[in-house]
Every structure is written in C-alpha cells, then in structure tokens.
Amino acid sequence: MTIRVVILLIGLTIAHLGVTLFLLADLGADPFNVFIQGLFRKINPDSTGFITHGVVHMAICFLIIIILLFADRSYVKIGTILCMFCGGPIIDFFTLILGPLFEGGLPLWLRILVNGLGCVILAYGMTIVIKSDAGTGPNDLVAIVISDKAKKKFSIVRVIVDLCFAGIGFAMGGTVGIGTLICAFVVGPVAGIFMPFNERLVNRVIRKTCGGM
C-alpha cells in the first residue's frame with residue numbers, strides 16, 4: 001500500500017499543478033467549485049463569519065465520504081482522505097511559484113491556452129490518482145461511482161457530472177466562465193484517453209518496486 005500512496009501523492013501533485021494553472025488563468029471556477037461557490041453564497045451571502053468557501057468545500061467533501069461509507073465503503077480509502085486535506089496546500093505552493101508570471105495580466109487567447117493546458121495536466125494527474133488504487137478525491141468519486149455502477153464510460157459520466165455541478169452551482173449564484181466550460185468538456189474525455197496508459201504505467205512501477213524489495 002505504501003508505494004500506491006506515493007504514486008497517489010505524485011498524481012495529486014501533478015493534478016493540482018493543473019488546477020493552479022486553471023485558477024491563475026482566471027476564466028471561471030471548475031464545475032465542482034462553481035457548485036461550492038453557489039452553495040457558499042446561499043449559506044453566507046455576506047461572506048462574513050467563520051463559514052468560508054474552504055469550510056463549505058471541506059464539509060461537502062466530508063459529506064460525500066460519509067455517504068459513500070454507508071453506500072459502498074470500498075470506494076473510500078486512505079487516498080480519499082489525503083486528497084481532501086492535501087489539495088489546498090499544494091495549490092498554495094504552486095501559486096507562490098507561478099503567481100508572479102500572471103501578475104502583469106495575459107491576453108485572453110493566452111489565458112485560454114493556459115486554462116486548457118491546466119485541464120489536460122489535471123486530467124493526467126487525476127488518472128494517476130485513480131489508477132494508484134489508494135483512493136481518489138471525494139468529488140471525483142461521484143463520477144467514478146456512477147460510472148462503475150451504471151457501467152458507462154468514465155469520460156462521458158465525468159462530463160455529465162461536471163455539467164450538473166456547474167448548472168446547480170450557477171442556479172445558486174456561482175460564477176460560470178469560459179474556463180468552467182473548458183474544464184467540463186475537456187477533463188473527462190482527456191482522462192479517458194490517459195486512463196489505460198496510466199494504468200499500465202502504475203502497474204509497471206508497482207511490479208518493479210515490489211520485485212526490487
């Protein structure tokens with residue numbers, strides 16, 4: 001399990017590099033965070049008090065974990081908890097490094113390019129996390145569980161789930177931008193392309209590591 005957790009952390013770092021680029025492009029939140037943003041604005045319209053966007057995000061992730069523990073606990077693993085707590089600090093780290101590159105402002109076409117690149121990197125890292133079999137992010141588990149239970153392609157289910165998150169979040173007051181739509185339509189299909197490649201890569205690393213011990 002140790003090597004699987006290490007692989008997950010590598011994938012998590014890559015994925016959140018993509019998220020950081022996505023956020024720095026400033027073209028709209030990812031679909032899940034549009035939902036969190038809308039819910040936060042409904043709960044706390046004045047943006048005051050101890051309830052923050054981050055608190056709502058953590059609470060919803062925790063709720064998803066609780067629901068899955070009752071529905072099918074096999075989906076909740078140590079990596080699920082790591083994803084819940086490690087994402088924020090990783091984004092803060094990459095923002096500190098990459099933030100100065102975006103301070104002067106970028107033309108729209110370049111921001112769209114950065115946003116798309118961030119989505120591709122996110123999809124690549126996310127598939128490593130999934131194929132590590134040590135757990136995955138609580139929000140990603142929604143698409144994974146539906147895909148497994150309905151026996152449908154992950155790439156298609158991911159797009160539908162992201163559009164639902166964005167639509168509900170927008171109805172509650174969340175902000176949808178070009179980046180939100182890019183993320184909704186790019187991450188799922190690109191993850192579907194990377195999935196078999198990263199499965200072979202992860203299995204090869206695990207076999208070599210276990211063989212060398």
# chains A, B, ... in the order shown; residues from 1 in each chain; ligands from 1
>>> residues_around(residues="region 104-114 of chain A", least_positions_apart="3", cutoff="9 Å", atoms="only C-alpha atoms", output="PyMOL selection string")
chain A and resi 21-22+24-27+100-101+117-119+178-179+182
>>> residues_around(residues="Pro89 (chain A)", least_positions_apart="2", cutoff="12 Å", atoms="only C-alpha atoms", output="JSON list (two decimals) with N, CA and C atoms, in the first residue's frame")
[["chain", "number", "residue", "atom", "x", "y", "z"],
["A", 12, "LEU", "N", -1.48, 13.42, -7.38],
["A", 12, "LEU", "CA", -2.18, 14.54, -6.74],
["A", 12, "LEU", "C", -1.42, 15.84, -6.97],
["A", 13, "THR", "N", -0.11, 15.78, -6.90],
["A", 13, "THR", "CA", 0.73, 16.97, -7.14],
["A", 13, "THR", "C", 0.61, 17.44, -8.58],
["A", 16, "HIS", "N", -2.86, 18.99, -9.18],
["A", 16, "HIS", "CA", -3.05, 20.32, -8.60],
["A", 16, "HIS", "C", -2.13, 21.37, -9.22],
["A", 17, "LEU", "N", -1.11, 20.94, -9.95],
["A", 17, "LEU", "CA", -0.39, 21.87, -10.82],
["A", 17, "LEU", "C", -1.34, 22.34, -11.91],
["A", 20, "THR", "N", -3.85, 24.72, -10.46],
["A", 20, "THR", "CA", -3.25, 26.04, -10.23],
["A", 20, "THR", "C", -3.21, 26.86, -11.52],
["A", 54, "GLY", "N", -13.73, 27.65, 1.75],
["A", 54, "GLY", "CA", -12.95, 26.46, 2.08],
["A", 54, "GLY", "C", -13.66, 25.55, 3.06],
["A", 82, "LEU", "N", -6.42, 11.85, 2.05],
["A", 82, "LEU", "CA", -5.26, 12.65, 1.65],
["A", 82, "LEU", "C", -5.66, 13.72, 0.64],
["A", 83, "CYS", "N", -6.48, 13.31, -0.35],
["A", 83, "CYS", "CA", -6.92, 14.25, -1.37],
["A", 83, "CYS", "C", -7.71, 15.40, -0.74],
["A", 84, "MET", "N", -8.50, 15.07, 0.26],
["A", 84, "MET", "CA", -9.35, 16.06, 0.92],
["A", 84, "MET", "C", -8.52, 17.12, 1.62],
["A", 85, "PHE", "N", -7.40, 16.72, 2.23],
["A", 85, "PHE", "CA", -6.61, 17.64, 3.05],
["A", 85, "PHE", "C", -5.38, 18.22, 2.35],
["A", 86, "CYS", "N", -4.87, 17.55, 1.29],
["A", 86, "CYS", "CA", -3.58, 17.96, 0.69],
["A", 86, "CYS", "C", -3.72, 18.92, -0.48],
["A", 87, "GLY", "N", -4.88, 18.94, -1.13],
["A", 87, "GLY", "CA", -5.03, 19.75, -2.34],
["A", 87, "GLY", "C", -4.75, 21.22, -2.13],
["A", 91, "ILE", "N", -1.83, 23.60, -4.00],
["A", 91, "ILE", "CA", -2.19, 24.74, -4.84],
["A", 91, "ILE", "C", -1.51, 26.02, -4.33],
["A", 92, "ASP", "N", -1.48, 26.21, -3.02],
["A", 92, "ASP", "CA", -0.81, 27.39, -2.44],
["A", 92, "ASP", "C", 0.67, 27.41, -2.83],
["A", 93, "PHE", "N", 1.31, 26.23, -2.81],
["A", 93, "PHE", "CA", 2.74, 26.13, -3.14],
["A", 93, "PHE", "C", 2.97, 26.53, -4.60],
["A", 94, "PHE", "N", 2.19, 25.96, -5.52],
["A", 94, "PHE", "CA", 2.37, 26.26, -6.95],
["A", 94, "PHE", "C", 1.99, 27.71, -7.26],
["A", 95, "THR", "N", 0.99, 28.23, -6.55],
["A", 95, "THR", "CA", 0.58, 29.63, -6.77],
["A", 95, "THR", "C", 1.71, 30.58, -6.38],
["A", 96, "LEU", "N", 2.40, 30.26, -5.29],
["A", 96, "LEU", "CA", 3.53, 31.08, -4.85],
["A", 96, "LEU", "C", 4.63, 31.12, -5.93]]
>>> select_by_dssp(residues="region 15-212 of chain A", states="alpha helix (DSSP H)", output="PyMOL selection string")
chain A and resi 15-25+31-43+53-72+78-98+108-131+138-150+154-171+178-212
>>> atom_distance(atom1="CA of Pro45 (chain A)", atom2="CA of Thr180 (chain A)")
22.0 Å
>>> residues_around(residues="region 197-212 of chain A", least_positions_apart="2", cutoff="9 Å", atoms="only C-alpha atoms", output="ChimeraX atom specification")
/A:3-4,7,124,127-128,130-132,193-195
>>> residues_around(residues="region 62-64 of chain A", least_positions_apart="4", cutoff="9 Å", atoms="only C-alpha atoms", output="PyMOL selection string")
chain A and resi 57-58+68-69+81+84+138-139+141-142
>>> closest_atom_pairs(of="region 39-151 of chain A", to="region 184-188 of chain A", cutoff="8 Å", atoms="only C-alpha atoms", output="Markdown table")
| residue | atom | partner | partner_atom | distance |
| --- | --- | --- | --- | --- |
| A:Gly116 | CA | A:Val186 | CA | 7.8 |
| A:Cys119 | CA | A:Val187 | CA | 5.7 |
| A:Val120 | CA | A:Val187 | CA | 6.4 |
| A:Leu122 | CA | A:Val187 | CA | 7.2 |
| A:Ala123 | CA | A:Val187 | CA | 5.2 |
>>> write_last_selection(atoms="C-alpha atoms", output="PDB file, in the first residue's frame")
ATOM      1  CA  GLY A 116      -6.709  24.295 -21.469  1.00  0.00           C
ATOM      2  CA  CYS A 119      -7.193  20.972 -17.673  1.00  0.00           C
ATOM      3  CA  VAL A 120      -5.024  18.465 -19.559  1.00  0.00           C
ATOM      4  CA  LEU A 122      -5.307  17.961 -14.224  1.00  0.00           C
ATOM      5  CA  ALA A 123      -6.762  15.047 -16.218  1.00  0.00           C
TER       6      ALA A 123
END
>>> residues_around(residues="Met1 (chain A)", least_positions_apart="4", cutoff="9 Å", atoms="only C-alpha atoms", output="PyMOL selection string")
chain A and resi 5-6+133-134
>>> write_last_selection(atoms="C-alpha atoms", output="short mmCIF file (atom, residue, chain, number, x, y, z; two decimals), in the first residue's frame")
data_model
loop_
_atom_site.label_atom_id
_atom_site.label_comp_id
_atom_site.auth_asym_id
_atom_site.auth_seq_id
_atom_site.Cartn_x
_atom_site.Cartn_y
_atom_site.Cartn_z
CA VAL A 5 0.10 6.08 -1.64
CA VAL A 6 3.37 7.52 -3.01
CA ASP A 133 -5.91 2.35 -6.28
CA ALA A 134 -5.16 4.10 -2.98
#
>>> closest_residue(among="A:Lys42, A:Phe154, A:Met172, A:Lys149", to="Pro196 (chain A)", atoms="only C-alpha atoms")
A:Phe154
>>> atom_distance(atom1="CA of Cys164 (chain A)", atom2="CA of Leu8 (chain A)")
26.8 Å
>>> atom_distance(atom1="CA of Leu163 (chain A)", atom2="CA of Phe32 (chain A)")
9.1 Å
>>> decode(residues="region 37-62 of chain A", atoms="N, CA and C atoms", output="PDB file, in the first residue's frame")
ATOM      1  N   GLN A  37     -19.129  27.334  -4.643  1.00  0.00           N
ATOM      2  CA  GLN A  37     -19.256  28.796  -4.616  1.00  0.00           C
ATOM      3  C   GLN A  37     -20.721  29.210  -4.484  1.00  0.00           C
ATOM      4  N   GLY A  38     -21.601  28.579  -5.284  1.00  0.00           N
ATOM      5  CA  GLY A  38     -23.027  28.891  -5.222  1.00  0.00           C
ATOM      6  C   GLY A  38     -23.629  28.541  -3.875  1.00  0.00           C
ATOM      7  N   LEU A  39     -23.252  27.373  -3.347  1.00  0.00           N
ATOM      8  CA  LEU A  39     -23.757  26.944  -2.043  1.00  0.00           C
ATOM      9  C   LEU A  39     -23.274  27.895  -0.947  1.00  0.00           C
ATOM     10  N   PHE A  40     -22.007  28.295  -1.029  1.00  0.00           N
ATOM     11  CA  PHE A  40     -21.437  29.233  -0.057  1.00  0.00           C
ATOM     12  C   PHE A  40     -22.192  30.559  -0.076  1.00  0.00           C
ATOM     13  N   ARG A  41     -22.520  31.046  -1.263  1.00  0.00           N
ATOM     14  CA  ARG A  41     -23.230  32.335  -1.375  1.00  0.00           C
ATOM     15  C   ARG A  41     -24.661  32.231  -0.862  1.00  0.00           C
ATOM     16  N   LYS A  42     -25.257  31.048  -0.961  1.00  0.00           N
ATOM     17  CA  LYS A  42     -26.600  30.836  -0.410  1.00  0.00           C
ATOM     18  C   LYS A  42     -26.556  30.804   1.117  1.00  0.00           C
ATOM     19  N   ILE A  43     -25.557  30.085   1.645  1.00  0.00           N
ATOM     20  CA  ILE A  43     -25.437  29.939   3.093  1.00  0.00           C
ATOM     21  C   ILE A  43     -24.980  31.233   3.759  1.00  0.00           C
ATOM     22  N   ASN A  44     -24.021  31.894   3.101  1.00  0.00           N
ATOM     23  CA  ASN A  44     -23.388  33.064   3.715  1.00  0.00           C
ATOM     24  C   ASN A  44     -23.295  34.208   2.696  1.00  0.00           C
ATOM     25  N   PRO A  45     -24.421  34.841   2.350  1.00  0.00           N
ATOM     26  CA  PRO A  45     -24.425  35.871   1.303  1.00  0.00           C
ATOM     27  C   PRO A  45     -23.556  37.086   1.612  1.00  0.00           C
ATOM     28  N   ASP A  46     -23.292  37.329   2.888  1.00  0.00           N
ATOM     29  CA  ASP A  46     -22.480  38.492   3.271  1.00  0.00           C
ATOM     30  C   ASP A  46     -20.985  38.184   3.326  1.00  0.00           C
ATOM     31  N   SER A  47     -20.627  36.898   3.133  1.00  0.00           N
ATOM     32  CA  SER A  47     -19.217  36.452   3.175  1.00  0.00           C
ATOM     33  C   SER A  47     -18.532  36.845   4.473  1.00  0.00           C
ATOM     34  N   THR A  48     -19.283  36.770   5.572  1.00  0.00           N
ATOM     35  CA  THR A  48     -18.704  37.088   6.875  1.00  0.00           C
ATOM     36  C   THR A  48     -18.863  35.895   7.803  1.00  0.00           C
ATOM     37  N   GLY A  49     -18.117  35.906   8.897  1.00  0.00           N
ATOM     38  CA  GLY A  49     -18.227  34.825   9.869  1.00  0.00           C
ATOM     39  C   GLY A  49     -17.240  33.704   9.592  1.00  0.00           C
ATOM     40  N   PHE A  50     -17.396  32.615  10.329  1.00  0.00           N
ATOM     41  CA  PHE A  50     -16.427  31.515  10.244  1.00  0.00           C
ATOM     42  C   PHE A  50     -16.686  30.603   9.049  1.00  0.00           C
ATOM     43  N   ILE A  51     -17.875  30.725   8.423  1.00  0.00           N
ATOM     44  CA  ILE A  51     -18.169  29.882   7.257  1.00  0.00           C
ATOM     45  C   ILE A  51     -17.541  30.516   6.025  1.00  0.00           C
ATOM     46  N   THR A  52     -16.518  29.858   5.489  1.00  0.00           N
ATOM     47  CA  THR A  52     -15.814  30.337   4.296  1.00  0.00           C
ATOM     48  C   THR A  52     -16.023  29.350   3.153  1.00  0.00           C
ATOM     49  N   HIS A  53     -15.570  29.740   1.969  1.00  0.00           N
ATOM     50  CA  HIS A  53     -15.633  28.847   0.800  1.00  0.00           C
ATOM     51  C   HIS A  53     -14.910  27.529   1.104  1.00  0.00           C
ATOM     52  N   GLY A  54     -13.731  27.654   1.745  1.00  0.00           N
ATOM     53  CA  GLY A  54     -12.952  26.463   2.077  1.00  0.00           C
ATOM     54  C   GLY A  54     -13.663  25.546   3.057  1.00  0.00           C
ATOM     55  N   VAL A  55     -14.354  26.151   4.025  1.00  0.00           N
ATOM     56  CA  VAL A  55     -15.108  25.363   5.012  1.00  0.00           C
ATOM     57  C   VAL A  55     -16.235  24.595   4.328  1.00  0.00           C
ATOM     58  N   VAL A  56     -16.950  25.269   3.407  1.00  0.00           N
ATOM     59  CA  VAL A  56     -18.043  24.610   2.677  1.00  0.00           C
ATOM     60  C   VAL A  56     -17.492  23.485   1.807  1.00  0.00           C
ATOM     61  N   HIS A  57     -16.352  23.740   1.161  1.00  0.00           N
ATOM     62  CA  HIS A  57     -15.703  22.723   0.315  1.00  0.00           C
ATOM     63  C   HIS A  57     -15.371  21.488   1.143  1.00  0.00           C
ATOM     64  N   MET A  58     -14.734  21.694   2.282  1.00  0.00           N
ATOM     65  CA  MET A  58     -14.356  20.584   3.157  1.00  0.00           C
ATOM     66  C   MET A  58     -15.589  19.838   3.658  1.00  0.00           C
ATOM     67  N   ALA A  59     -16.643  20.581   4.004  1.00  0.00           N
ATOM     68  CA  ALA A  59     -17.865  19.968   4.529  1.00  0.00           C
ATOM     69  C   ALA A  59     -18.545  19.099   3.477  1.00  0.00           C
ATOM     70  N   ILE A  60     -18.604  19.576   2.225  1.00  0.00           N
ATOM     71  CA  ILE A  60     -19.239  18.794   1.160  1.00  0.00           C
ATOM     72  C   ILE A  60     -18.420  17.540   0.850  1.00  0.00           C
ATOM     73  N   CYS A  61     -17.093  17.680   0.819  1.00  0.00           N
ATOM     74  CA  CYS A  61     -16.225  16.513   0.601  1.00  0.00           C
ATOM     75  C   CYS A  61     -16.421  15.490   1.721  1.00  0.00           C
ATOM     76  N   PHE A  62     -16.509  15.989   2.948  1.00  0.00           N
ATOM     77  CA  PHE A  62     -16.722  15.115   4.098  1.00  0.00           C
ATOM     78  C   PHE A  62     -18.081  14.413   3.992  1.00  0.00           C
TER      79      PHE A  62
END
